[in-house]
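Have a look at the structure below, then the notes.
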Amino acid sequence: MKISALLFGLLAGTLSALPLGALAQQPIVIKFSHVVAHDTPKGLAAEFFAKKAGEMTKGKVKVEVYANSTLYKDKEEMEALQLGAVQMLAPSLAKFGPLGVKEFELFDLPYVFDNYTELHRVTQGPVGQSLLKKLEPKGVTGLAFWDNGFKSFSANTPIKTPADLKGKKLRIQSSKVLEEQIRALSALPQVMAFSEVYQALQTGVVDGTENPVSNLYTQKMHEVQKYLTMTEHGYLGYAVIVNKKFWEGLPADVRGQLEAAMKESTAYANKIAKEQNEKDLEGVKKSGKTQVYVPSAEEKLAFKKALAPVHAKMESRIGKDLLQAVYKETGFDPNKL
């Protein structure tokens, strides 16, 4: 990251974080940065939160949303938050492993959640809250989990069996679990910033990727991928986080109003995530550029069996007790496939 850009962000963050005394009549500015398009579930939810925050604080807070990596890219935004250059992010859950909170990589485990009901037992229950608290020593306060959707594999060759991905270079986020997942398919994991994926697919730097349909469609990846198979093998979600020092420095009434705005925004985010993915799947189909394949129950089971060993290999990294707590909520048992 350029030093001048970071210094500018720090100055802006410092000014926006000043208490009401120094900037008595000025609204408190929250810069909310994210890396996906404004019309994705996360993008829409961020705009919804900005609107609700303004309404509930009666203008005391102004949330400025910066979409599509316009402020910071994947690898930059977490550092920017910790330094106070931005106040709020909603990074994908895979981003917290590199931050040093490996437990979040449980969300990257293949097929650990079969549906949103199982997922929400974790994200909206005690397990989810305990995970958010693990961020505090990093100078980060976790506010909520937001859904995006379930990921499926795309490539320029048909995908009907795990063997069809053998030797393929597949883009993933930086996650040890995701690396192991791709290797379990005898494919080659390629860690890459989200903003670079379209060009990498277009130029053949990578052969394919895994995404919820909303990301695939809004980033126009379907234009450079001929095949999409609805494996729905993994979950992609976000944690909405704020700079801890900034958050605790807010007046208590304002913080309470923002928490209420976040609660409404989370319900909205999770509702539109499912709707948006269904809508965007129709968009992919209508484009005629990508052939969408829905695997049979037997074909999906073959993917589950191929990926089940990832759970055992990652147990020591994520934590056995945490995994057992998640399995108890979801009913998943990798040993019974």
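Just so we're on the same page: first chain in the structure tokens is A, next is B, and so on; residues restart at 1 for each chain, and ligands are numbered from 1 in the order they show up.
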Per residue of stretch 207-282 of chain A within 10 Å of stretch 123-132 of chain A, note the shortest atom pair and the distance in Å to one decimal, counting only C-alpha atoms, and order the rows by chain and increasing residue number, as CSV.
```
residue,atom,partner,partner_atom,distance
A:Gly237,CA,A:Thr123,CA,9.8
A:Ala239,CA,A:Leu132,CA,8.2
A:Val240,CA,A:Leu132,CA,9.6
A:Ile241,CA,A:Leu132,CA,8.8
```
Dump N, CA, C and O atoms for the selected residues as a CSV table (one decimal), in the first residue's frame?
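Full text of result_30.csv as output:
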```csv
chain,number,residue,atom,x,y,z
A,237,GLY,N,-19.4,-16.2,3.7
A,237,GLY,CA,-20.1,-15.2,4.5
A,237,GLY,C,-19.1,-14.2,5.0
A,237,GLY,O,-17.9,-14.2,4.7
A,239,ALA,N,-18.0,-11.2,8.3
A,239,ALA,CA,-18.2,-10.7,9.6
A,239,ALA,C,-18.1,-9.2,9.5
A,239,ALA,O,-17.1,-8.7,8.9
A,240,VAL,N,-19.1,-8.5,10.0
A,240,VAL,CA,-19.0,-7.0,10.0
A,240,VAL,C,-18.2,-6.6,11.3
A,240,VAL,O,-18.6,-7.0,12.4
A,241,ILE,N,-17.2,-5.9,11.0
A,241,ILE,CA,-16.2,-5.6,12.1
A,241,ILE,C,-15.9,-4.1,12.1
A,241,ILE,O,-16.1,-3.4,11.1
```
Closest-contact table, stretch 151-174 of chain A side, partner stretch 226-232 of chain A, 8 Å, counting only C-alpha atoms, as a tab-separated table:
```
residue	atom	partner	partner_atom	distance
A:Lys151	CA	A:Glu232	CA	4.9
A:Ser152	CA	A:Glu232	CA	4.7
A:Phe153	CA	A:Thr229	CA	5.7
A:Ser154	CA	A:Leu228	CA	4.3
A:Ala155	CA	A:Tyr227	CA	5.4
A:Asn156	CA	A:Lys226	CA	4.7
A:Thr157	CA	A:Tyr227	CA	6.2
A:Pro158	CA	A:Tyr227	CA	5.8
A:Ile159	CA	A:Thr229	CA	6.1
A:Lys160	CA	A:Thr229	CA	7.3
```
Write the selection just made, keeping N, CA and C atoms, as a PDB file, in the first residue's frame?
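Below you can see out10.pdb, which holds the result:
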```
ATOM      1  N   LYS A 151     -20.960 -21.665  -2.171  1.00  0.00           N
ATOM      2  CA  LYS A 151     -20.062 -21.600  -3.323  1.00  0.00           C
ATOM      3  C   LYS A 151     -20.199 -22.820  -4.223  1.00  0.00           C
ATOM      4  N   SER A 152     -20.001 -22.569  -5.518  1.00  0.00           N
ATOM      5  CA  SER A 152     -19.978 -23.648  -6.498  1.00  0.00           C
ATOM      6  C   SER A 152     -18.773 -23.465  -7.410  1.00  0.00           C
ATOM      7  N   PHE A 153     -18.349 -24.546  -8.027  1.00  0.00           N
ATOM      8  CA  PHE A 153     -17.164 -24.521  -8.886  1.00  0.00           C
ATOM      9  C   PHE A 153     -17.516 -24.114 -10.321  1.00  0.00           C
ATOM     10  N   SER A 154     -16.642 -23.317 -10.913  1.00  0.00           N
ATOM     11  CA  SER A 154     -16.770 -22.975 -12.328  1.00  0.00           C
ATOM     12  C   SER A 154     -15.439 -23.233 -13.022  1.00  0.00           C
ATOM     13  N   ALA A 155     -15.499 -23.493 -14.322  1.00  0.00           N
ATOM     14  CA  ALA A 155     -14.296 -23.727 -15.126  1.00  0.00           C
ATOM     15  C   ALA A 155     -14.687 -23.622 -16.598  1.00  0.00           C
ATOM     16  N   ASN A 156     -13.715 -23.820 -17.463  1.00  0.00           N
ATOM     17  CA  ASN A 156     -13.997 -23.786 -18.901  1.00  0.00           C
ATOM     18  C   ASN A 156     -14.155 -25.178 -19.495  1.00  0.00           C
ATOM     19  N   THR A 157     -14.185 -26.181 -18.618  1.00  0.00           N
ATOM     20  CA  THR A 157     -14.470 -27.556 -19.021  1.00  0.00           C
ATOM     21  C   THR A 157     -15.559 -28.096 -18.101  1.00  0.00           C
ATOM     22  N   PRO A 158     -16.341 -29.059 -18.536  1.00  0.00           N
ATOM     23  CA  PRO A 158     -17.450 -29.575 -17.709  1.00  0.00           C
ATOM     24  C   PRO A 158     -16.962 -30.131 -16.377  1.00  0.00           C
ATOM     25  N   ILE A 159     -17.805 -29.981 -15.341  1.00  0.00           N
ATOM     26  CA  ILE A 159     -17.487 -30.481 -14.002  1.00  0.00           C
ATOM     27  C   ILE A 159     -18.659 -31.346 -13.543  1.00  0.00           C
ATOM     28  N   LYS A 160     -18.456 -32.659 -13.593  1.00  0.00           N
ATOM     29  CA  LYS A 160     -19.505 -33.571 -13.130  1.00  0.00           C
ATOM     30  C   LYS A 160     -19.022 -34.489 -12.016  1.00  0.00           C
TER      31      LYS A 160
END
```
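Closest to A:Lys244 among A:Met88, A:Val36, A:Ile182, A:Met56 is A:Met88, based on only C-alpha atoms.
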message: Which residues are near stretch 102-112 of chain A? Cut-off 7 Å, only C-alpha atoms, ignore same chain within fewer than 5 positions. Put them as a VMD selection string.
response: chain A and resid 93 to 94 96 to 97 177 to 178 233 to 235 304 307 311 317 to 319 332
How about saving the chosen residues, N, CA, C and O atoms kept, as a short mmCIF file (atom, residue, chain, number, x, y, z; two decimals), in the first residue's frame?
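Generated output (selection.cif):
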```cif
data_model
loop_
_atom_site.label_atom_id
_atom_site.label_comp_id
_atom_site.auth_asym_id
_atom_site.auth_seq_id
_atom_site.Cartn_x
_atom_site.Cartn_y
_atom_site.Cartn_z
N LEU A 93 -15.09 -14.48 5.78
CA LEU A 93 -14.63 -15.15 6.98
C LEU A 93 -13.26 -15.81 6.80
O LEU A 93 -12.56 -16.06 7.77
N ALA A 94 -12.87 -16.04 5.55
CA ALA A 94 -11.55 -16.61 5.29
C ALA A 94 -10.42 -15.64 5.63
O ALA A 94 -9.27 -16.04 5.77
N PHE A 96 -9.84 -14.07 8.35
CA PHE A 96 -9.45 -13.99 9.76
C PHE A 96 -8.36 -15.01 10.14
O PHE A 96 -7.71 -14.85 11.16
N GLY A 97 -8.17 -16.02 9.31
CA GLY A 97 -7.06 -16.94 9.53
C GLY A 97 -5.72 -16.21 9.43
O GLY A 97 -4.89 -16.27 10.34
N VAL A 177 -7.46 -23.97 4.95
CA VAL A 177 -8.53 -24.96 4.73
C VAL A 177 -8.88 -25.03 3.25
O VAL A 177 -9.03 -26.12 2.68
N LEU A 178 -8.99 -23.88 2.60
CA LEU A 178 -9.33 -23.87 1.18
C LEU A 178 -8.20 -24.46 0.35
O LEU A 178 -8.45 -25.14 -0.66
N HIS A 233 -20.59 -26.50 -2.29
CA HIS A 233 -19.73 -27.26 -1.40
C HIS A 233 -19.22 -26.47 -0.20
O HIS A 233 -18.74 -27.06 0.77
N GLY A 234 -19.31 -25.17 -0.25
CA GLY A 234 -18.77 -24.36 0.84
C GLY A 234 -19.58 -23.10 1.04
O GLY A 234 -20.35 -22.69 0.16
N TYR A 235 -19.39 -22.50 2.17
CA TYR A 235 -20.12 -21.29 2.52
C TYR A 235 -19.22 -20.07 2.39
O TYR A 235 -18.04 -20.13 2.74
N LYS A 304 -18.80 -34.79 -1.77
CA LYS A 304 -18.74 -34.80 -0.31
C LYS A 304 -17.70 -35.80 0.19
O LYS A 304 -16.91 -35.51 1.09
N LEU A 307 -14.13 -34.62 -0.40
CA LEU A 307 -13.72 -33.48 0.41
C LEU A 307 -13.79 -33.73 1.92
O LEU A 307 -13.25 -32.94 2.70
N HIS A 311 -11.70 -32.21 6.73
CA HIS A 311 -12.11 -31.95 8.11
C HIS A 311 -11.07 -32.50 9.10
O HIS A 311 -10.63 -31.79 10.01
N ARG A 317 -5.81 -27.46 13.42
CA ARG A 317 -5.69 -26.03 13.14
C ARG A 317 -6.89 -25.25 13.69
O ARG A 317 -6.75 -24.20 14.31
N ILE A 318 -8.09 -25.79 13.47
CA ILE A 318 -9.31 -25.09 13.87
C ILE A 318 -9.64 -25.33 15.34
O ILE A 318 -10.14 -24.44 16.03
N GLY A 319 -9.35 -26.53 15.80
CA GLY A 319 -9.65 -26.89 17.19
C GLY A 319 -10.72 -27.96 17.28
O GLY A 319 -11.82 -27.77 16.75
N PHE A 332 -23.54 -32.63 11.07
CA PHE A 332 -22.60 -33.16 10.09
C PHE A 332 -21.63 -34.13 10.74
O PHE A 332 -21.13 -33.88 11.85
#
```
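Of the residues in stretch 185-333 of chain A, those that DSSP places in strand (DSSP E or B) on the basis of the backbone are Leu188, Pro189, Gln190, Val191, Gly208, Thr209, Glu210, Asn211, Tyr227, Leu228, Thr229, Met230, Thr231, Glu232, His233, Gly234, Tyr235, Leu236, Gly237, Tyr238, Ala239, Val240, Ile241, Val242, Asn243, Gln291, Val292 and Tyr293 of chain A.
Residue nearest A:Val63, chosen from A:Phe303, A:Phe32, A:Tyr198, A:Phe48 and counting only C-alpha atoms: A:Phe32.
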- prompt: For A:Trp247, which residue among A:Tyr72, A:Gly288, A:Glu259, A:Gly167 is the nearest when counting only C-alpha atoms?
  reply: A:Glu259
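With only C-alpha atoms taken into account, the protein and nucleic acid residues at most 7 Å from A:Ala37 (excluding it and anything under 4 positions from it in its own chain) are Gly43, Ala67, Asn68 and Thr218 of chain A.
We find atom CA of A:Thr330 and atom CA of A:Ser186 to be spaced 27.6 Å apart.
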- request: Using only C-alpha atoms, find the one residue out of A:Asn243, A:Lys168, A:Asp321, A:Ser33 that sits nearest to A:Gly142.
  value: A:Asn243
message: If we count only C-alpha atoms and set the cut-off at 9 Å, which residues sit around A:Ala46, ignoring sequence neighbours fewer than 5 positions away in its own chain? Please answer as a PyMOL selection string.
response: chain A and resi 32+34+38+41+51+65+90+265+269
For the residues in the current selection, export all heavy atoms as a short mmCIF file (atom, residue, chain, number, x, y, z; two decimals), in the first residue's frame.
```cif
data_model
loop_
_atom_site.label_atom_id
_atom_site.label_comp_id
_atom_site.auth_asym_id
_atom_site.auth_seq_id
_atom_site.Cartn_x
_atom_site.Cartn_y
_atom_site.Cartn_z
N PHE A 32 -16.92 2.76 5.55
CA PHE A 32 -17.23 1.33 5.43
C PHE A 32 -16.71 0.86 4.08
O PHE A 32 -17.27 1.19 3.04
CB PHE A 32 -18.75 1.15 5.55
CG PHE A 32 -19.23 -0.28 5.67
CD1 PHE A 32 -20.50 -0.53 6.21
CD2 PHE A 32 -18.47 -1.36 5.27
CE1 PHE A 32 -20.98 -1.84 6.32
CE2 PHE A 32 -18.94 -2.66 5.39
CZ PHE A 32 -20.20 -2.90 5.91
N HIS A 34 -15.48 -2.14 1.35
CA HIS A 34 -15.57 -3.56 0.99
C HIS A 34 -15.11 -3.76 -0.45
O HIS A 34 -14.89 -2.80 -1.19
CB HIS A 34 -16.98 -4.12 1.24
CG HIS A 34 -18.07 -3.56 0.38
ND1 HIS A 34 -18.30 -3.99 -0.89
CD2 HIS A 34 -19.01 -2.61 0.63
CE1 HIS A 34 -19.34 -3.34 -1.41
NE2 HIS A 34 -19.78 -2.49 -0.50
N HIS A 38 -21.49 -3.07 -5.62
CA HIS A 38 -22.53 -2.46 -4.77
C HIS A 38 -23.84 -3.22 -4.84
O HIS A 38 -24.68 -3.13 -3.93
CB HIS A 38 -22.75 -0.99 -5.17
CG HIS A 38 -23.39 -0.82 -6.52
ND1 HIS A 38 -24.74 -0.78 -6.69
CD2 HIS A 38 -22.85 -0.70 -7.76
CE1 HIS A 38 -25.03 -0.64 -7.99
NE2 HIS A 38 -23.90 -0.59 -8.66
N PRO A 41 -25.16 -9.00 -2.39
CA PRO A 41 -25.80 -8.98 -1.07
C PRO A 41 -25.05 -8.11 -0.06
O PRO A 41 -25.68 -7.33 0.67
CB PRO A 41 -25.79 -10.46 -0.67
CG PRO A 41 -25.88 -11.18 -1.98
CD PRO A 41 -25.05 -10.37 -2.93
N LYS A 51 -28.02 3.76 5.55
CA LYS A 51 -29.30 4.47 5.63
C LYS A 51 -29.89 4.37 7.04
O LYS A 51 -30.31 5.38 7.63
CB LYS A 51 -30.27 3.88 4.61
CG LYS A 51 -31.66 4.51 4.56
CD LYS A 51 -32.44 3.94 3.39
CE LYS A 51 -33.86 4.49 3.33
NZ LYS A 51 -34.73 3.93 4.38
N VAL A 65 -20.00 4.44 2.31
CA VAL A 65 -19.70 3.09 1.81
C VAL A 65 -18.82 3.19 0.57
O VAL A 65 -19.12 3.92 -0.38
CB VAL A 65 -20.99 2.33 1.47
CG1 VAL A 65 -20.66 0.94 0.94
CG2 VAL A 65 -21.89 2.21 2.71
N ALA A 90 -16.49 -5.52 6.13
CA ALA A 90 -17.25 -6.77 6.20
C ALA A 90 -16.47 -7.81 5.40
O ALA A 90 -16.93 -8.29 4.36
CB ALA A 90 -18.66 -6.59 5.66
N SER A 265 -30.02 -4.52 9.78
CA SER A 265 -29.26 -4.72 8.55
C SER A 265 -28.87 -6.17 8.37
O SER A 265 -28.81 -6.67 7.24
CB SER A 265 -28.00 -3.83 8.56
OG SER A 265 -28.36 -2.47 8.68
N ALA A 269 -29.65 -8.36 5.28
CA ALA A 269 -28.54 -8.98 4.53
C ALA A 269 -28.80 -10.46 4.28
O ALA A 269 -28.61 -10.96 3.16
CB ALA A 269 -27.23 -8.79 5.29
#
```
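Distances here use only C-alpha atoms; by that measure, the residue among A:Leu301, A:Val213, A:Val122, A:Val61 closest to A:Phe150 is A:Val213.
Omitting A:Gln87 and its sequence neighbours fewer than 2 positions away, and counting only C-alpha atoms, the residues within 9 Å are Gly13, Ser16, Ala17, Val29, Ile30, Lys31, Phe32, Ser33, Ala80, Leu81, Gln82, Gly84, Ala85, Leu89, Ile241, Val242, Asn243, Lys244, Phe246 and Trp247 of chain A.
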Write the residues of the preceding selection, restricted to C-alpha atoms, as a tab-separated table (two decimals), in the first residue's frame.
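Final output, saved to selection.tsv:
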```tsv
chain	number	residue	atom	x	y	z
A	13	GLY	CA	-9.99	8.21	10.23
A	16	SER	CA	-13.91	11.14	11.82
A	17	ALA	CA	-13.29	9.49	15.18
A	29	VAL	CA	-18.13	9.62	9.86
A	30	ILE	CA	-17.79	5.86	9.52
A	31	LYS	CA	-15.91	4.77	6.42
A	32	PHE	CA	-17.23	1.33	5.43
A	33	SER	CA	-14.97	-0.31	2.87
A	80	ALA	CA	-6.23	-0.26	7.37
A	81	LEU	CA	-8.97	-1.07	9.90
A	82	GLN	CA	-6.53	-1.92	12.67
A	84	GLY	CA	-7.89	3.35	12.02
A	85	ALA	CA	-7.71	4.43	8.35
A	89	LEU	CA	-15.33	-3.63	7.09
A	241	ILE	CA	-16.24	-5.56	12.11
A	242	VAL	CA	-15.19	-2.16	13.45
A	243	ASN	CA	-12.03	-0.66	14.84
A	244	LYS	CA	-12.29	-1.48	18.56
A	246	PHE	CA	-13.17	3.83	17.56
A	247	TRP	CA	-16.22	1.78	18.57
```
field: Residue set, stretch 48-250 of chain A restricted to helix (DSSP H, G or I), as a VMD selection string
entry: chain A and resid 48 to 56 74 to 83 93 to 99 102 to 108 116 to 123 126 to 133 136 to 138 162 to 165 176 to 184 194 to 203 213 to 218 221 to 224 244 to 248
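Put simply, atom CA of A:Phe194 is 6.9 Å away from atom CA of A:Asp74.
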statement: Counting only C-alpha atoms, closest pick from A:Val35, A:Val326, A:Ala306, A:Leu119 relative to A:Trp146 is A:Leu119
query: Could you name the residues that touch A:Met221 at 9 Å or less, counting only C-alpha atoms, but leaving out those on the same chain fewer than 3 positions away, as a ChimeraX atom specification?
result: /A:197-199,201-202,215-218,224-225
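Coordinates place atom CA of A:Lys133 at a distance of 17.5 Å from atom CA of A:His120.
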